[in-house]
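Input: a single structure, listed below in structure tokens.
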Amino acid sequence: MNMRSEIYFPVVLQLFNLIAVYSFRLSANLESFHVKHIGSNGISKKLGKLRRCTLISSTVNTLQEAERLHIISVEDESTYSKLSRPSSKDSRTLSLMDINEKEISETQRLLELPYVSALQSLKAYHAMYGDLIMPRHFLVPEDSNNYPAEWHGADLSSTVYNMKWWQRHIKYYPCRVAELNELGFIWERLQPAWNLIFESLAVYKYEILNGGDLTVPISFTVPYGDNRWSRAHWGMPLGRCVHQIRSRHDFVNQKWDRVTQLNRLGFIWDLSEYTFQRTLLALQCYA
């Protein structure tokens with residue numbers, strides 16, 4: 001290898017690595033919906049997408065970069081461990097599947113708790129705050145004597161404002177409806193999350209933006225006590241929901257009727273392009 005090659009070879013190699021990484025970014029932007037749930041049986045198929053990036057230092061780095069850019073989602077922790085860590089297992093680390101199973105079992109446990117126990121918890125919350133307008137995820141304090149012990153550390157609001165809880169404990173017991181009405185139970189929160197999000201967006205467009213283009217700051221949360229929204233919407237992190245719809249297609253993945261609803265509402269899908277076009281228009285008007 002002559003001197004000129006020794007000088008340019010590292011530069012060229014680094015350039016190829018950058019091209020490989022940015023090809024991931026381009027793919028991430030062009031992907032309409034990112035691929036989910038890759039496991040040990042399907043990993044060889046997904047690696048076909050990654051082979052053009054073999055100039056990156058190792059397969060492990062390639063997979064981690066793809067995971068970070070949401071091109072793939074490695075949810076089989078055992079497979080990911082073989083690629084990114086030594087074969088020895090750390091017993092203190094739970095796999096993603098174990099975590100999901102624990103979350104499901106905890107949700108099921110809460111749904112199966114007696115109605116009387118849940119009612120006591122709701123009464124305790126009402127006695128402290130005067131209503132049942134709970135945050136989206138209200139965790140019962142671990143050290144509180146006002147709540148039944150089986151609810152300590154549990155997500156009370158996500159449990160009771162859930163159709164499965166209604167079907168199990170309320171649907172066939174009309175007398176319980178009156179009990180919950182006395183506490184101010186918000187029945188509208190039992191509807192699907194998409195309905196609440198879309199209704200909140202409609203209010204934001206026509207009440208806040210006066211019918212303008214639908215852009216919502218990521219930090220915006222529907223304020224408590226604002227009667228332009230119903231009580232079921234109060235506390236909703238609307239800006240974060242909009243960001244997730246844009247960046248990850250949450251709530252609209254393969255649901256074209258919802259995409260149509262948003263389009264009719266004037267939803268801005270590409271905020272960067274929207275900002276650029278507005279700036280360009282302003283410069284043209286100024287010129």
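In the structure tokens, the first chain shown is A, the next is B, and so on; residue numbers restart at 1 for each chain, and ligands run from 1 in the order shown.
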
- Message: Among segment 92-206 of chain A, which residues does DSSP mark as helix (DSSP H, G or I) when it is run on the backbone? Keep the chain and numbering as in the structure and answer as a VMD selection string.
- Response: chain A and resid 96 to 112 115 to 129 149 to 151 156 to 160 163 to 169 174 to 183 187 to 190 193 to 206

- Task: Find the residues around segment 198-209 of chain A up to 12 Å (only C-alpha atoms counted), leave out those fewer than 4 positions away in its own chain, and share them as a VMD selection string.
- Result: chain A and resid 188 191 to 194 213 to 217 220 to 223 226 to 239 241 to 242 245 251 to 252 258 to 268

- Distance in Å - atom CA of Met128 of chain A versus atom CA of Met163 of chain A: 25.3 Å

What's the 10 Å shell around Arg168 of chain A, counting only C-alpha atoms, without same-chain residues fewer than 3 positions away, as a PDB file with N, CA and C atoms, in the first residue's frame?
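The resulting result.pdb:
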```
ATOM      1  N   LEU A 111     -58.083  -6.473  37.636  1.00  0.00           N
ATOM      2  CA  LEU A 111     -59.440  -6.621  37.113  1.00  0.00           C
ATOM      3  C   LEU A 111     -60.257  -7.619  37.922  1.00  0.00           C
ATOM      4  N   GLU A 112     -59.574  -8.589  38.511  1.00  0.00           N
ATOM      5  CA  GLU A 112     -60.283  -9.634  39.254  1.00  0.00           C
ATOM      6  C   GLU A 112     -60.498  -9.293  40.717  1.00  0.00           C
ATOM      7  N   PRO A 114     -62.236  -7.746  43.957  1.00  0.00           N
ATOM      8  CA  PRO A 114     -63.671  -7.536  44.182  1.00  0.00           C
ATOM      9  C   PRO A 114     -64.084  -6.092  43.949  1.00  0.00           C
ATOM     10  N   TYR A 115     -65.322  -5.928  43.513  1.00  0.00           N
ATOM     11  CA  TYR A 115     -65.846  -4.581  43.283  1.00  0.00           C
ATOM     12  C   TYR A 115     -65.817  -3.748  44.553  1.00  0.00           C
ATOM     13  N   MET A 163     -62.973  -0.781  29.799  1.00  0.00           N
ATOM     14  CA  MET A 163     -64.199  -1.498  29.460  1.00  0.00           C
ATOM     15  C   MET A 163     -64.244  -2.897  30.049  1.00  0.00           C
ATOM     16  N   LYS A 164     -63.076  -3.530  30.187  1.00  0.00           N
ATOM     17  CA  LYS A 164     -63.071  -4.867  30.777  1.00  0.00           C
ATOM     18  C   LYS A 164     -63.536  -4.816  32.223  1.00  0.00           C
ATOM     19  N   TRP A 165     -63.124  -3.768  32.972  1.00  0.00           N
ATOM     20  CA  TRP A 165     -63.573  -3.628  34.354  1.00  0.00           C
ATOM     21  C   TRP A 165     -65.073  -3.375  34.400  1.00  0.00           C
ATOM     22  N   LYS A 171     -71.607  -3.954  34.304  1.00  0.00           N
ATOM     23  CA  LYS A 171     -72.579  -4.190  33.241  1.00  0.00           C
ATOM     24  C   LYS A 171     -73.848  -4.861  33.737  1.00  0.00           C
ATOM     25  N   TYR A 172     -73.727  -5.851  34.587  1.00  0.00           N
ATOM     26  CA  TYR A 172     -74.889  -6.620  35.039  1.00  0.00           C
ATOM     27  C   TYR A 172     -75.353  -6.226  36.442  1.00  0.00           C
ATOM     28  N   TYR A 173     -74.872  -5.081  36.929  1.00  0.00           N
ATOM     29  CA  TYR A 173     -75.234  -4.628  38.285  1.00  0.00           C
ATOM     30  C   TYR A 173     -75.653  -3.158  38.227  1.00  0.00           C
TER      31      TYR A 173
END
```

- If you measure from atom CA of Gly184 of chain A to atom CA of Ile104 of chain A, what distance in Å do you get, rounded to one decimal?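 Answer for the atom CA of Gly184 of chain A to atom CA of Ile104 of chain A separation: 28.4 Å.
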
- Query: When distances are computed from only C-alpha atoms, which of A:Pro141, A:Leu271, A:Leu119, A:Asn253 shows the smallest separation from Val177 of chain A?
  - Reply: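 Once distances to Val177 of chain A are computed over only C-alpha atoms, the minimum belongs to A:Leu119.
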